[in-house]
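Q: Please see the structure below; I have some questions.
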Amino acid sequence: MKKGLHKLILIIIAISITFLSISCATGRALKTEEIKAQAISGTFTVITYGARFSGDLENIVILDIEDDKYNFEVFAPEFDYKIKKNVSAPDAIIMAESFIAFHGAFKHSQVSQVKDLDGRVIGYEFRPLYHPSEFGFFDVLDIHYWLDGNKVKVRIDLIPEIKKRLFIDETFQSDSQ
């Protein structure tokens, strides 16, 4: 049983590394920089990702600046996220803060600006930070942005330590039942 579990974990890690290598090779990685939410102004397309089940940790909100040359695309099935267009900055901030506070271990938010290759702000990210006593980390998300033409692709995942913990817990629970 343990040998099969180790093999499965190695396969998952290999697939993840392959995906990350391909996505970075075909696009250009973008950087984020932490800011205060009060600095945000304009009109946005609001992308809410997560809150799919009660224990969902992968909750994030992206504010895509409207009327610029970039559009954000989440690399996930459409049922994992929702899109709302033409939202003012104050309303978008309230939506974002409310959405990412979904999980019971939520501590506070981290707001970052997403910049294009020339350093221009093209959007914003709201991510939850959790009580470290719950998961061992404040930030459990692994989020990557890359440019593919005028599309900003977004991959959202949990950090490996959390995935491993959740996977082992789920395996243990299903084996013991």
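Following the order of the structure tokens, chains are lettered A, B, ..., residues in each are numbered from 1, and ligands are numbered from 1.
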Residues at most 8 Å from stretch 62-75 of chain A, counting only C-alpha atoms, excluding those fewer than 3 positions away in the same chain, as a list in words?

A: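 Returned residues: Gly42, Thr43, Phe44, Thr45, Val46, Ile47, Thr48, Tyr81, Asn86, Ala92, Ile122, Gly123, Tyr124, Glu125, Phe126, Asn150, Lys151, Val152, Lys153, Val154, Arg155 and Ile156 of chain A.
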
Q: With N, CA and C atoms retained, export the selected residues as an mmCIF file, in the first residue's frame.

A:
data_model
loop_
_atom_site.group_PDB
_atom_site.id
_atom_site.type_symbol
_atom_site.label_atom_id
_atom_site.label_comp_id
_atom_site.auth_asym_id
_atom_site.auth_seq_id
_atom_site.Cartn_x
_atom_site.Cartn_y
_atom_site.Cartn_z
ATOM 1 N N GLY A 42 -10.481 52.643 -10.457
ATOM 2 C CA GLY A 42 -10.843 52.261 -11.816
ATOM 3 C C GLY A 42 -12.056 51.360 -11.863
ATOM 4 N N THR A 43 -12.224 50.706 -13.004
ATOM 5 C CA THR A 43 -13.334 49.780 -13.231
ATOM 6 C C THR A 43 -12.739 48.432 -13.619
ATOM 7 N N PHE A 44 -13.362 47.360 -13.118
ATOM 8 C CA PHE A 44 -12.759 46.039 -13.237
ATOM 9 C C PHE A 44 -13.731 44.955 -13.666
ATOM 10 N N THR A 45 -13.156 43.928 -14.242
ATOM 11 C CA THR A 45 -13.818 42.640 -14.353
ATOM 12 C C THR A 45 -13.330 41.860 -13.141
ATOM 13 N N VAL A 46 -14.257 41.402 -12.316
ATOM 14 C CA VAL A 46 -13.912 40.706 -11.081
ATOM 15 C C VAL A 46 -14.021 39.200 -11.324
ATOM 16 N N ILE A 47 -12.926 38.493 -11.068
ATOM 17 C CA ILE A 47 -12.891 37.036 -11.206
ATOM 18 C C ILE A 47 -12.753 36.452 -9.804
ATOM 19 N N THR A 48 -13.768 35.704 -9.371
ATOM 20 C CA THR A 48 -13.726 35.043 -8.070
ATOM 21 C C THR A 48 -13.497 33.555 -8.305
ATOM 22 N N TYR A 81 -14.797 29.128 -11.194
ATOM 23 C CA TYR A 81 -14.714 30.571 -11.010
ATOM 24 C C TYR A 81 -15.930 31.272 -11.620
ATOM 25 N N ASN A 86 -17.552 45.202 -15.290
ATOM 26 C CA ASN A 86 -17.918 46.595 -15.055
ATOM 27 C C ASN A 86 -18.230 46.898 -13.585
ATOM 28 N N ALA A 92 -15.621 46.461 -6.073
ATOM 29 C CA ALA A 92 -14.739 45.317 -6.330
ATOM 30 C C ALA A 92 -13.937 44.956 -5.079
ATOM 31 N N ILE A 122 -1.601 45.795 -14.471
ATOM 32 C CA ILE A 122 -2.658 45.311 -15.365
ATOM 33 C C ILE A 122 -3.787 44.626 -14.600
ATOM 34 N N GLY A 123 -3.639 44.506 -13.297
ATOM 35 C CA GLY A 123 -4.681 43.896 -12.482
ATOM 36 C C GLY A 123 -4.234 43.792 -11.037
ATOM 37 N N TYR A 124 -5.130 43.232 -10.218
ATOM 38 C CA TYR A 124 -4.859 43.094 -8.795
ATOM 39 C C TYR A 124 -5.285 41.709 -8.333
ATOM 40 N N GLU A 125 -4.615 41.246 -7.295
ATOM 41 C CA GLU A 125 -4.902 39.936 -6.716
ATOM 42 C C GLU A 125 -5.221 40.119 -5.238
ATOM 43 N N PHE A 126 -6.317 39.507 -4.795
ATOM 44 C CA PHE A 126 -6.668 39.438 -3.379
ATOM 45 C C PHE A 126 -6.564 37.972 -2.981
ATOM 46 N N ASN A 150 -2.068 38.687 -25.606
ATOM 47 C CA ASN A 150 -2.744 39.676 -24.757
ATOM 48 C C ASN A 150 -3.541 39.014 -23.641
ATOM 49 N N LYS A 151 -3.298 37.747 -23.429
ATOM 50 C CA LYS A 151 -3.993 37.021 -22.371
ATOM 51 C C LYS A 151 -3.044 36.792 -21.202
ATOM 52 N N VAL A 152 -3.555 37.066 -20.018
ATOM 53 C CA VAL A 152 -2.817 36.776 -18.802
ATOM 54 C C VAL A 152 -3.396 35.479 -18.262
ATOM 55 N N LYS A 153 -2.622 34.412 -18.373
ATOM 56 C CA LYS A 153 -3.066 33.106 -17.889
ATOM 57 C C LYS A 153 -2.732 33.013 -16.410
ATOM 58 N N VAL A 154 -3.640 32.383 -15.671
ATOM 59 C CA VAL A 154 -3.475 32.270 -14.226
ATOM 60 C C VAL A 154 -3.626 30.805 -13.822
ATOM 61 N N ARG A 155 -2.623 30.292 -13.100
ATOM 62 C CA ARG A 155 -2.705 28.943 -12.538
ATOM 63 C C ARG A 155 -2.730 29.060 -11.030
ATOM 64 N N ILE A 156 -3.752 28.477 -10.419
ATOM 65 C CA ILE A 156 -3.952 28.560 -8.973
ATOM 66 C C ILE A 156 -3.859 27.158 -8.397
#

Q: Output as a Markdown table one row per residue of stretch 39-60 of chain A within 9 Å of stretch 136-146 of chain A: the closest atom pair and its distance in Å to one decimal place, counting only C-alpha atoms, sorted by chain and residue number ascending.

A:
| residue | atom | partner | partner_atom | distance |
| --- | --- | --- | --- | --- |
| A:Leu57 | CA | A:Val140 | CA | 7.6 |
| A:Glu58 | CA | A:Leu141 | CA | 6.7 |
| A:Asn59 | CA | A:Leu141 | CA | 8.6 |
| A:Ile60 | CA | A:Leu141 | CA | 9.0 |

Q: Taking the chain letters and numbering used in this document, name the residues of stretch 15-128 of chain A that DSSP puts in strand (DSSP E), as a ChimeraX atom specification.

A: /A:28-29,31-35,43-49,60-65,71-74,81-88,106-115,121-128

Q: Figure out the distance between atom CA of A:Leu117 and atom CA of A:Tyr49, please, to one decimal in Å.

A: 24.3 Å
